[in-house]
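Novice: Next up, input_21.txt (compact mmCIF, C-alpha atoms).
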```txt
# COMPACT_ATOMS: atom_id res chain seq x y z
CA MET K 1 90.05 -50.60 -18.11
CA THR K 2 88.80 -48.21 -15.44
CA SER K 3 91.68 -45.72 -15.77
CA TRP K 4 93.73 -44.73 -18.77
CA ALA K 5 96.51 -43.31 -16.60
CA GLY K 6 99.06 -46.10 -16.89
CA PRO K 7 99.20 -47.41 -20.48
CA SER K 8 102.02 -46.23 -22.71
CA ALA K 9 101.57 -43.39 -25.18
CA ALA K 10 101.61 -45.86 -28.06
CA GLU K 11 98.85 -47.93 -26.41
CA ILE K 12 96.73 -44.85 -25.68
CA ALA K 13 97.05 -43.49 -29.21
CA ALA K 14 96.09 -46.85 -30.72
CA ALA K 15 93.01 -47.09 -28.49
CA VAL K 16 91.88 -43.56 -29.35
CA ARG K 17 92.43 -44.08 -33.08
CA GLU K 18 90.40 -47.30 -32.93
CA LYS K 19 87.70 -45.55 -30.84
CA ARG K 20 88.00 -47.97 -27.95
CA VAL K 21 88.25 -44.91 -25.72
CA THR K 22 87.76 -41.20 -26.28
CA ALA K 23 90.50 -38.61 -25.97
CA ARG K 24 88.38 -36.91 -23.29
CA GLU K 25 88.26 -40.08 -21.17
CA VAL K 26 92.03 -40.46 -21.44
CA VAL K 27 92.72 -36.85 -20.50
CA ALA K 28 90.20 -36.95 -17.64
CA SER K 29 91.95 -40.02 -16.17
CA HIS K 30 95.28 -38.23 -16.21
CA LEU K 31 93.84 -35.01 -14.78
CA ALA K 32 92.39 -37.02 -11.90
CA ARG K 33 95.79 -38.57 -11.21
CA ILE K 34 97.44 -35.15 -11.32
CA GLU K 35 94.91 -33.80 -8.83
CA ARG K 36 95.53 -36.75 -6.53
CA LEU K 37 99.32 -36.86 -6.65
CA ASP K 38 100.85 -33.55 -7.64
CA GLY K 39 100.51 -32.00 -4.20
CA ARG K 40 103.21 -34.44 -3.12
CA ILE K 41 105.33 -34.29 -6.28
CA GLY K 42 105.26 -30.66 -7.43
CA ALA K 43 105.64 -31.47 -11.11
CA PHE K 44 103.30 -28.79 -12.49
CA ARG K 45 103.38 -25.02 -12.35
CA THR K 46 99.95 -24.89 -13.97
CA VAL K 47 97.41 -27.51 -14.98
CA ARG K 48 95.14 -26.75 -17.94
CA ALA K 49 92.23 -28.92 -16.79
CA GLU K 50 89.30 -27.24 -18.58
CA ALA K 51 91.29 -26.29 -21.66
CA ALA K 52 92.76 -29.78 -21.96
CA LEU K 53 89.33 -31.42 -21.87
CA ASP K 54 88.07 -29.04 -24.55
CA GLU K 55 91.11 -29.77 -26.69
CA ALA K 56 90.61 -33.50 -26.18
CA ASP K 57 87.12 -33.13 -27.61
CA GLU K 58 88.62 -31.33 -30.60
CA VAL K 59 91.05 -34.19 -31.16
CA GLY K 60 88.21 -36.70 -31.02
CA ALA K 61 86.33 -34.77 -33.70
CA ARG K 62 89.27 -34.48 -36.10
CA PRO K 63 88.64 -36.10 -39.50
CA ASP K 64 92.23 -37.38 -39.54
CA LEU K 65 91.92 -39.09 -36.13
CA ALA K 66 92.74 -42.53 -37.54
CA GLY K 67 96.15 -41.33 -38.70
CA LEU K 68 97.30 -39.34 -35.68
CA PRO K 69 100.44 -40.85 -34.10
CA LEU K 70 99.70 -39.29 -30.68
CA ALA K 71 95.91 -39.34 -30.80
CA GLY K 72 94.57 -38.22 -27.43
CA VAL K 73 97.90 -38.66 -25.63
CA PRO K 74 98.24 -36.25 -22.66
CA VAL K 75 101.59 -34.46 -22.61
CA ALA K 76 103.26 -32.03 -20.22
CA VAL K 77 105.41 -29.16 -21.49
CA LYS K 78 108.45 -27.69 -19.78
CA ASP K 79 107.80 -24.12 -18.68
CA ASN K 80 110.36 -22.51 -20.94
CA LEU K 81 108.48 -23.34 -24.16
CA ALA K 82 105.47 -21.35 -25.35
CA VAL K 83 102.00 -22.87 -25.07
CA ARG K 84 99.23 -20.86 -26.69
CA GLY K 85 97.02 -19.16 -24.10
CA GLU K 86 99.47 -19.73 -21.23
CA SER K 87 102.34 -17.66 -19.85
CA THR K 88 105.92 -18.92 -19.95
CA ARG K 89 107.47 -18.17 -16.56
CA ASN K 90 110.75 -20.10 -16.90
CA GLY K 91 110.82 -20.70 -13.16
CA SER K 92 111.19 -17.01 -12.34
CA ALA K 93 109.36 -14.09 -10.75
CA ALA K 94 111.15 -11.82 -13.22
CA THR K 95 109.42 -13.13 -16.36
CA SER K 96 106.15 -11.97 -17.89
CA ASP K 97 102.81 -13.50 -16.90
CA LEU K 98 101.18 -12.50 -20.20
CA PRO K 99 99.76 -15.44 -22.18
CA ASN K 100 101.43 -16.57 -25.38
CA THR K 101 99.59 -16.03 -28.64
CA ARG K 102 101.10 -19.05 -30.37
CA ASP K 103 102.71 -22.40 -29.61
CA HIS K 104 106.41 -23.13 -29.77
CA VAL K 105 107.07 -25.16 -32.92
CA THR K 106 107.64 -28.36 -30.92
CA VAL K 107 104.34 -27.90 -29.06
CA ALA K 108 102.61 -27.23 -32.37
CA ARG K 109 104.02 -30.47 -33.78
CA LEU K 110 102.80 -32.45 -30.77
CA ARG K 111 99.33 -30.97 -31.11
CA ALA K 112 99.28 -31.60 -34.85
CA ALA K 113 100.02 -35.26 -34.06
CA GLY K 114 96.98 -35.40 -31.73
CA ALA K 115 98.58 -34.81 -28.33
CA VAL K 116 96.78 -32.79 -25.65
CA VAL K 117 98.80 -30.41 -23.44
CA VAL K 118 97.57 -30.89 -19.87
CA GLY K 119 99.96 -28.48 -18.18
CA LEU K 120 103.30 -26.72 -17.88
CA THR K 121 105.95 -28.19 -15.60
CA ASN K 122 108.21 -26.68 -12.98
CA VAL K 123 111.80 -25.68 -13.72
CA PRO K 124 114.58 -23.95 -11.77
CA GLU K 125 114.93 -20.26 -12.54
CA LEU K 126 115.90 -19.76 -16.21
CA CYS K 127 116.51 -23.53 -16.35
CA VAL K 128 120.03 -23.02 -15.06
CA PHE K 129 120.55 -25.67 -12.41
CA GLY K 130 120.35 -29.45 -12.04
CA THR K 131 117.67 -29.41 -9.35
CA THR K 132 114.15 -28.03 -9.75
CA GLU K 133 112.85 -25.61 -7.15
CA GLY K 134 111.98 -21.93 -6.90
CA VAL K 135 109.16 -19.45 -6.60
CA HIS K 136 106.74 -21.73 -8.48
CA GLY K 137 107.40 -24.91 -6.52
CA THR K 138 109.74 -27.85 -5.95
CA ALA K 139 109.72 -30.94 -8.17
CA ARG K 140 110.41 -34.12 -6.21
CA ASN K 141 111.51 -37.54 -7.40
CA PRO K 142 108.39 -39.78 -7.34
CA TRP K 143 110.60 -42.74 -6.38
CA ASP K 144 111.95 -40.90 -3.34
CA THR K 145 110.13 -37.67 -2.55
CA ALA K 146 112.85 -36.59 -0.14
CA ARG K 147 115.08 -36.16 -3.22
CA SER K 148 115.03 -33.67 -6.06
CA ALA K 149 113.65 -34.79 -9.41
CA GLY K 150 116.78 -33.32 -10.99
CA GLY K 151 116.80 -30.46 -13.44
CA SER K 152 116.20 -28.48 -15.27
CA SER K 153 113.42 -30.59 -16.83
CA GLY K 154 112.64 -31.89 -13.36
CA GLY K 155 108.93 -31.16 -13.39
CA SER K 156 108.51 -32.87 -16.75
CA ALA K 157 110.40 -35.96 -15.56
CA ALA K 158 108.48 -36.10 -12.28
CA ALA K 159 105.16 -35.90 -14.13
CA VAL K 160 106.05 -38.90 -16.31
CA ALA K 161 107.62 -40.96 -13.54
CA ALA K 162 104.52 -40.46 -11.38
CA GLY K 163 102.24 -41.62 -14.22
CA MET K 164 100.54 -38.22 -14.43
CA VAL K 165 101.32 -38.14 -18.17
CA PRO K 166 102.85 -40.80 -20.43
CA LEU K 167 105.05 -38.25 -22.24
CA ALA K 168 106.60 -34.89 -21.49
CA LEU K 169 108.54 -32.34 -23.47
CA GLY K 170 111.80 -31.07 -22.02
CA ASN K 171 115.11 -29.69 -23.20
CA ASP K 172 118.77 -30.12 -22.48
CA GLY K 173 121.50 -27.46 -22.44
CA MET K 174 123.97 -29.11 -20.05
CA GLY K 175 122.14 -32.33 -19.15
CA SER K 176 118.65 -30.99 -18.40
CA LEU K 177 116.84 -33.95 -19.98
CA ARG K 178 119.30 -36.65 -19.03
CA ILE K 179 119.81 -35.68 -15.37
CA PRO K 180 116.10 -35.88 -14.40
CA ALA K 181 115.54 -38.91 -16.63
CA ALA K 182 118.33 -40.77 -14.83
CA THR K 183 117.04 -39.60 -11.46
CA CYS K 184 113.43 -40.57 -12.14
CA GLY K 185 113.92 -43.82 -14.08
CA LEU K 186 112.94 -42.61 -17.56
CA VAL K 187 114.11 -42.89 -21.15
CA THR K 188 115.27 -39.77 -22.93
CA VAL K 189 117.35 -38.75 -25.90
CA LYS K 190 119.05 -35.41 -26.35
CA PRO K 191 119.09 -35.18 -30.13
CA GLY K 192 122.08 -33.90 -32.00
CA HIS K 193 122.22 -30.28 -33.06
CA GLY K 194 119.62 -29.34 -35.66
CA VAL K 195 117.57 -32.55 -35.51
CA VAL K 196 114.68 -31.00 -33.53
CA PRO K 197 113.87 -27.27 -33.71
CA ALA K 198 115.32 -25.51 -30.66
CA GLY K 199 114.17 -21.92 -30.10
CA ILE K 200 114.99 -22.08 -26.38
CA GLY K 201 115.63 -18.68 -24.84
CA ASP K 202 117.86 -16.20 -26.64
CA GLY K 203 120.15 -18.25 -28.86
CA ASP K 204 119.67 -21.74 -27.40
CA TRP K 205 122.66 -21.31 -25.08
CA PHE K 206 124.91 -20.79 -28.11
CA GLY K 207 123.35 -23.75 -29.88
CA MET K 208 123.92 -26.21 -27.01
CA SER K 209 120.25 -26.62 -26.00
CA GLU K 210 118.00 -29.21 -27.66
CA ASN K 211 114.35 -30.19 -27.16
CA GLY K 212 113.52 -33.85 -26.61
CA PRO K 213 111.20 -36.45 -25.09
CA LEU K 214 110.80 -37.94 -21.63
CA ALA K 215 109.08 -41.34 -21.65
CA THR K 216 108.76 -44.61 -19.78
CA THR K 217 109.55 -46.85 -22.77
CA VAL K 218 111.98 -46.66 -25.66
CA ALA K 219 109.10 -47.06 -28.11
CA ASP K 220 107.38 -43.99 -26.65
CA ALA K 221 110.61 -41.97 -26.75
CA ARG K 222 111.11 -42.98 -30.38
CA LEU K 223 107.51 -42.08 -31.22
CA MET K 224 107.76 -38.63 -29.65
CA LEU K 225 111.16 -37.90 -31.18
CA ALA K 226 109.78 -38.78 -34.62
CA VAL K 227 106.99 -36.23 -34.14
CA LEU K 228 109.34 -33.54 -32.82
CA ALA K 229 111.95 -34.04 -35.52
CA ASP K 230 109.55 -34.49 -38.42
CA THR K 231 112.36 -36.49 -40.07
CA GLY K 232 113.68 -40.03 -40.03
CA ALA K 233 115.97 -39.30 -37.06
CA ALA K 234 114.19 -41.74 -34.77
CA ALA K 235 113.97 -44.58 -37.30
CA ALA K 236 115.61 -47.89 -36.53
CA ALA K 237 119.19 -48.04 -37.74
CA ASP K 238 121.38 -50.79 -39.19
CA PRO K 239 120.70 -53.84 -36.98
CA SER K 240 124.29 -55.12 -37.21
CA ALA K 241 126.49 -55.36 -34.14
CA LEU K 242 127.86 -52.07 -32.86
CA SER K 243 131.28 -51.20 -31.52
CA VAL K 244 130.63 -50.04 -27.94
CA ALA K 245 133.27 -48.26 -25.88
CA VAL K 246 132.79 -48.58 -22.12
CA SER K 247 134.05 -45.87 -19.79
CA VAL K 248 133.41 -44.94 -16.17
CA ARG K 249 135.90 -42.05 -16.19
CA SER K 250 134.51 -38.66 -15.21
CA PRO K 251 135.24 -35.79 -17.63
CA LEU K 252 135.67 -33.46 -14.63
CA ARG K 253 138.88 -33.73 -12.66
CA GLY K 254 138.32 -34.40 -8.99
CA VAL K 255 134.80 -35.80 -9.49
CA ALA K 256 134.55 -39.57 -9.07
CA VAL K 257 131.73 -41.77 -10.30
CA GLY K 258 129.91 -43.52 -7.47
CA ARG K 259 130.02 -47.29 -7.20
CA PRO K 260 126.37 -48.02 -8.15
CA TYR K 261 126.61 -46.01 -11.38
CA ALA K 262 129.93 -47.56 -12.36
CA ALA K 263 128.56 -51.03 -11.59
CA ALA K 264 125.50 -50.38 -13.76
CA VAL K 265 127.74 -49.47 -16.71
CA ARG K 266 129.83 -52.63 -16.32
CA GLU K 267 126.74 -54.83 -16.07
CA ALA K 268 125.14 -53.16 -19.11
CA ALA K 269 128.39 -53.75 -21.01
CA ARG K 270 128.31 -57.43 -20.08
CA LEU K 271 124.72 -57.78 -21.34
CA LEU K 272 125.44 -55.98 -24.62
CA ALA K 273 128.51 -58.13 -25.21
CA GLY K 274 126.37 -61.20 -24.64
CA ALA K 275 123.91 -59.85 -27.21
CA GLY K 276 126.61 -59.78 -29.88
CA HIS K 277 127.91 -56.22 -29.74
CA ARG K 278 131.66 -55.56 -29.82
CA VAL K 279 132.30 -54.15 -26.36
CA ARG K 280 135.61 -53.00 -24.91
CA ARG K 281 136.94 -50.61 -22.29
CA ALA K 282 138.03 -47.26 -23.76
CA ASP K 283 138.04 -43.77 -22.23
CA PRO K 284 137.28 -40.71 -24.37
CA PRO K 285 140.23 -38.28 -24.46
CA TYR K 286 138.51 -35.56 -22.46
CA PRO K 287 140.80 -32.51 -22.25
CA ALA K 288 141.72 -31.21 -18.80
CA SER K 289 139.91 -27.98 -19.70
CA THR K 290 136.49 -29.66 -20.13
CA GLY K 291 135.12 -28.40 -16.81
CA PHE K 292 136.18 -24.81 -17.41
CA THR K 293 134.84 -24.87 -20.98
CA ALA K 294 131.50 -26.13 -19.69
CA LEU K 295 131.35 -23.47 -16.95
CA ARG K 296 132.13 -20.67 -19.42
CA HIS K 297 129.38 -21.72 -21.84
CA TRP K 298 126.84 -22.56 -19.12
CA SER K 299 127.24 -19.25 -17.30
CA ALA K 300 127.42 -17.22 -20.53
CA GLY K 301 124.11 -18.74 -21.63
CA THR K 302 122.56 -17.63 -18.35
CA ALA K 303 123.95 -14.10 -18.81
CA VAL K 304 122.28 -13.83 -22.22
CA ASP K 305 118.94 -15.14 -20.94
CA ALA K 306 118.98 -12.80 -17.92
CA ALA K 307 120.05 -9.69 -19.82
CA ASP K 308 116.57 -8.19 -20.21
CA LEU K 309 115.19 -9.24 -16.82
CA ASP K 310 115.00 -7.17 -13.65
CA PRO K 311 117.89 -8.50 -11.53
CA ARG K 312 116.05 -7.50 -8.35
CA ARG K 313 113.48 -10.20 -9.12
CA LEU K 314 116.04 -12.93 -9.80
CA THR K 315 117.32 -15.22 -7.07
CA ARG K 316 120.83 -14.73 -5.77
CA ARG K 317 122.27 -17.86 -7.36
CA THR K 318 120.94 -16.79 -10.78
CA ARG K 319 122.30 -13.24 -10.41
CA VAL K 320 125.74 -14.59 -9.58
CA GLN K 321 125.62 -17.11 -12.43
CA ALA K 322 124.74 -14.33 -14.87
CA ALA K 323 127.46 -12.04 -13.48
CA VAL K 324 130.06 -14.78 -13.91
CA GLY K 325 128.78 -15.47 -17.42
CA ARG K 326 128.96 -11.86 -18.57
CA ARG K 327 132.75 -12.12 -18.43
CA PHE K 328 132.66 -14.96 -20.94
CA VAL K 329 129.90 -14.04 -23.42
CA ASN K 330 132.11 -12.44 -26.04
CA GLY K 331 134.76 -15.12 -25.78
CA VAL K 332 132.17 -17.88 -26.10
CA ARG K 333 130.63 -16.22 -29.15
CA THR K 334 133.93 -15.78 -30.95
CA GLY K 335 135.99 -18.64 -29.52
CA ASP K 336 136.63 -22.10 -30.91
CA ALA K 337 136.67 -24.19 -27.72
CA ARG K 338 133.76 -26.35 -28.87
CA GLU K 339 135.33 -26.96 -32.28
CA ARG K 340 138.57 -28.01 -30.61
CA LEU K 341 136.68 -30.38 -28.31
CA ARG K 342 134.91 -31.96 -31.29
CA ALA K 343 138.19 -32.35 -33.15
CA ARG K 344 139.72 -34.07 -30.12
CA LEU K 345 136.81 -36.51 -29.70
CA GLU K 346 136.02 -37.27 -33.36
CA PRO K 347 138.76 -39.94 -33.73
CA PHE K 348 137.33 -41.76 -30.71
CA PHE K 349 133.90 -41.93 -32.36
CA ALA K 350 135.45 -42.93 -35.68
CA GLU K 351 136.76 -46.01 -33.87
CA HIS K 352 133.65 -46.65 -31.75
CA ASP K 353 129.97 -46.39 -32.72
CA VAL K 354 128.68 -45.72 -29.22
CA LEU K 355 130.04 -44.69 -25.84
CA LEU K 356 128.44 -46.43 -22.85
CA CYS K 357 129.08 -44.44 -19.67
CA PRO K 358 127.37 -43.44 -16.41
CA ALA K 359 124.37 -41.14 -16.61
CA LEU K 360 125.17 -39.62 -13.21
CA ALA K 361 128.00 -39.85 -10.71
CA ARG K 362 125.73 -39.94 -7.65
CA ARG K 363 122.06 -39.66 -6.76
CA SER K 364 120.25 -36.34 -6.86
CA PRO K 365 120.47 -33.99 -3.86
CA ARG K 366 117.76 -33.75 -1.28
CA ALA K 367 114.71 -31.73 -2.31
CA ALA K 368 115.42 -28.40 -0.62
CA PRO K 369 115.26 -24.65 -1.29
CA TRP K 370 118.46 -24.67 -3.35
CA HIS K 371 117.37 -21.40 -4.96
CA GLU K 372 117.92 -19.74 -1.58
CA ARG K 373 121.44 -21.10 -1.25
CA GLY K 374 124.69 -19.73 -2.61
CA TRP K 375 125.86 -20.00 -6.21
CA LEU K 376 129.06 -21.90 -5.44
CA ARG K 377 127.25 -24.45 -3.32
CA ASN K 378 124.79 -25.08 -6.17
CA VAL K 379 127.59 -25.40 -8.72
CA LEU K 380 129.55 -27.87 -6.58
CA VAL K 381 126.47 -30.02 -5.87
CA ASN K 382 125.45 -30.03 -9.53
CA GLY K 383 128.96 -30.88 -10.72
CA ALA K 384 129.35 -33.72 -8.23
CA CYS K 385 126.05 -35.27 -9.33
CA SER K 386 126.21 -34.86 -13.09
CA PRO K 387 129.69 -34.51 -14.59
CA MET K 388 128.92 -36.86 -17.51
CA THR K 389 126.36 -34.82 -19.46
CA GLY K 390 127.90 -31.47 -20.39
CA PRO K 391 130.52 -32.61 -22.93
CA TRP K 392 127.82 -33.77 -25.34
CA ASN K 393 126.09 -30.37 -25.31
CA LEU K 394 129.45 -28.80 -26.09
CA THR K 395 129.96 -31.14 -29.05
CA GLY K 396 126.31 -31.02 -30.13
CA TRP K 397 126.18 -34.82 -30.47
CA PRO K 398 123.24 -37.07 -29.50
CA ALA K 399 123.07 -38.79 -26.12
CA ALA K 400 120.42 -40.99 -24.52
CA VAL K 401 119.71 -42.17 -20.98
CA VAL K 402 118.24 -45.57 -20.18
CA PRO K 403 117.16 -46.90 -16.76
CA PHE K 404 119.33 -49.75 -15.53
CA GLY K 405 118.85 -51.38 -12.16
CA THR K 406 118.44 -49.60 -8.86
CA LEU K 407 120.48 -47.70 -6.32
CA PRO K 408 120.88 -49.03 -2.76
CA SER K 409 117.98 -46.74 -1.79
CA GLY K 410 115.69 -48.53 -4.29
CA ALA K 411 115.49 -45.50 -6.59
CA PRO K 412 116.34 -46.02 -10.27
CA CYS K 413 119.87 -46.13 -11.64
CA ALA K 414 120.70 -45.40 -15.29
CA VAL K 415 123.34 -45.49 -18.01
CA GLN K 416 124.12 -43.05 -20.82
CA LEU K 417 124.64 -43.83 -24.51
CA VAL K 418 126.48 -41.31 -26.70
CA GLY K 419 126.95 -41.39 -30.46
CA ARG K 420 128.29 -39.44 -33.39
CA PRO K 421 126.06 -36.98 -35.31
CA GLY K 422 123.05 -38.66 -36.88
CA SER K 423 123.08 -41.69 -34.56
CA GLU K 424 119.79 -41.05 -32.73
CA GLY K 425 118.22 -44.14 -34.30
CA ALA K 426 121.18 -46.32 -33.37
CA LEU K 427 121.14 -45.07 -29.78
CA LEU K 428 117.45 -45.86 -29.49
CA ASP K 429 118.05 -49.31 -30.98
CA LEU K 430 120.70 -50.00 -28.35
CA ALA K 431 118.42 -48.60 -25.65
CA GLU K 432 115.71 -50.97 -26.85
CA ARG K 433 118.11 -53.87 -26.52
CA VAL K 434 118.90 -52.82 -22.94
CA GLU K 435 115.17 -52.54 -22.25
CA ARG K 436 114.58 -56.11 -23.44
CA LEU K 437 117.53 -57.51 -21.50
CA ARG K 438 116.90 -55.57 -18.30
CA PRO K 439 113.28 -54.31 -18.11
CA TRP K 440 112.46 -51.56 -15.64
CA PRO K 441 109.34 -50.51 -13.71
CA ARG K 442 107.69 -47.82 -15.82
CA THR K 443 106.38 -45.59 -13.05
CA ALA K 444 106.93 -45.10 -9.33
CA PRO K 445 104.64 -47.10 -7.03
CA LEU K 446 102.59 -44.15 -5.80
CA THR K 447 99.13 -44.64 -4.31
```
What would the structure in this file look like if it were written as structure tokens?

Specialist:
Amino acid sequence: MTSWAGPSAAEIAAAVREKRVTAREVVASHLARIERLDGRIGAFRTVRAEAALDEADEVGARPDLAGLPLAGVPVAVKDNLAVRGESTRNGSAATSDLPNTRDHVTVARLRAAGAVVVGLTNVPELCVFGTTEGVHGTARNPWDTARSAGGSSGGSAAAVAAGMVPLALGNDGMGSLRIPAATCGLVTVKPGHGVVPAGIGDGDWFGMSENGPLATTVADARLMLAVLADTGAAAAADPSALSVAVSVRSPLRGVAVGRPYAAAVREAARLLAGAGHRVRRADPPYPASTGFTALRHWSAGTAVDAADLDPRRLTRRTRVQAAVGRRFVNGVRTGDARERLRARLEPFFAEHDVLLCPALARRSPRAAPWHERGWLRNVLVNGACSPMTGPWNLTGWPAAVVPFGTLPSGAPCAVQLVGRPGSEGALLDLAERVERLRPWPRTAPLT
């Protein structure tokens, strides 16, 4: 094999453990692909070329190499998580450029498993919005570079979809893993609350934000989640047939799900029924207040994260988002809106094991300087594209996205799987079944 940019993370790790290739050779192949492609994609804020090669050599010399689950696997890290020796800019000119002295716990776990961090990926300012652009660059969808890669883990998703890394670390506070995964044709899982250490910003957006994997195969997503969780959360679950509720209803009033995404859900339901699962149409009882509850928590999280930053160095949309959120911070901290939402939805998930629903309502917006545009315009565009993700951050329950078919443009389509607490393994099992029944191209056909 002349290049090791292309095999899955599991294949790379096996080859490095068996000494069929060195970690340095693997990392060098991916660095060469980054150098060739990222000028068009904009996935990375910074690439750690020299440091990554040195760290690859260290992995190759480890006495425990034969037991490392991610031996020599290049990974990208979202630029709101600390990487030792690098600054964390969080997509903003208002943040510090001083290097971190230690890794975030999730980064430390990846490195302990043998992974090599090749760079930090672009995010929208403070990871607030569902498109990725700002002072550090614009992340584009490798399947359609005229379109945004989504957000806020857009740079991480673009890096994986372009084959510049086989795995990337992102996080999700209102859909920030699932939106770019659906846009870029990737597998992801937002774990339930407490499964993976969070430590994202100041208070994890009131406990709504979770770290998770972006991958091109379910096996790779499972592998990375197992390393991040350091528990059995990613293990295969009971193989018996599941009760699957199918819904194409948007939780947000006035936002309709586009025809391609609804059609993908119905076709996925048909395949799962044919595979022996108990599938029936059933809509979750979303309260009419879901949109307002999401806006209150989303904006309040921004207000907390922006509190110690110079507002003169923040973009206008972020300043407005934080100003809106300041009105809600105390109410969010002391209120019980999330508990009431969980109580309303728990009977639904007592009756059904999994909810199958659209990942998005429509394709991502055009790649554009959205950070220079007004707050309301950003909110309306984000809400129209991704109404289906926020409820599961509010509940704190796990949700996965799986590629499924294509849009009329030829870009990937996707479906979302949602489960009760502790169902990460079951969601990945169902995702694996979808993968076998309807395989997808792993990376965009870039040359």

Novice: Using all atoms listed in the file, which protein or nucleic acid residues come within 8 Å of stretch 411-427 of chain K? Drop anything in the same chain fewer than 4 positions from it, and give the result as a PyMOL selection string.

Specialist: chain K and resi 143-144+182-185+189+191-192+233-238+260-261+264-265+268+349+353-360+392+396-407+431

Novice: When you look at K:Gly130 with a cut-off of 8 Å (counting only C-alpha atoms), what residues show up, excluding the ones that are within fewer than 5 positions of it in the same chain? I need them as a VMD selection string.

Specialist: chain K and resid 124 150 to 152 175 to 176 179 382

Novice: For the residues selected in the previous step, produce a file with C-alpha atoms as an mmCIF file, in the frame of the given file.

Specialist:
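Full text of selection.cif as output:
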```cif
data_model
loop_
_atom_site.group_PDB
_atom_site.id
_atom_site.type_symbol
_atom_site.label_atom_id
_atom_site.label_comp_id
_atom_site.auth_asym_id
_atom_site.auth_seq_id
_atom_site.Cartn_x
_atom_site.Cartn_y
_atom_site.Cartn_z
ATOM 1 C CA PRO K 124 114.580 -23.950 -11.770
ATOM 2 C CA GLY K 150 116.780 -33.320 -10.990
ATOM 3 C CA GLY K 151 116.800 -30.460 -13.440
ATOM 4 C CA SER K 152 116.200 -28.480 -15.270
ATOM 5 C CA GLY K 175 122.140 -32.330 -19.150
ATOM 6 C CA SER K 176 118.650 -30.990 -18.400
ATOM 7 C CA ILE K 179 119.810 -35.680 -15.370
ATOM 8 C CA ASN K 382 125.450 -30.030 -9.530
#
```

Novice: At most 12 Å from (137.1, -27.3, -30.7), file frame, all atoms listed in the file: which residues, as a PyMOL selection string?

Specialist: chain K and resi 286-287+289-290+293+332+334-346+391+394-396

Novice: Hey, what's within 8 Å of stretch 201-207 of chain K if we count all atoms listed in the file and toss same-chain stuff fewer than 6 positions away? As a list in words, please?

Specialist: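 So the residues in contact are Asn80, Gly173, His193, His297, Trp298, Ala300, Gly301, Thr302, Val304, Asp305, Arg333 and Gly396 of chain K.
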
Novice: Mind checking which residues fall within 10 Å of K:Leu295, counting all atoms listed in the file, ignoring those fewer than 3 positions away in the same chain, and posting them as a list in words?

Specialist: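 Everything that qualifies: Met174, Thr290, Gly291, Phe292, Trp298, Ser299, Ala300, Gly301, Gln321, Val324, Gly325, Phe328, Val379, Gly383 and Gly390 of chain K.
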
Novice: Any idea what the distance is between atom CA of K:Ala43 and atom CA of K:Asn100?

Specialist: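 Here the two named atoms are 21.1 Å from each other.
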
Novice: Which polymer residues have any atom within 9 Å of an atom of stretch 14-16 of chain K, counting all atoms listed in the file, with same-chain residues fewer than 2 positions away left out, as a ChimeraX atom specification?

Specialist: /K:9-12,18-23,26,60,65-66,69-73
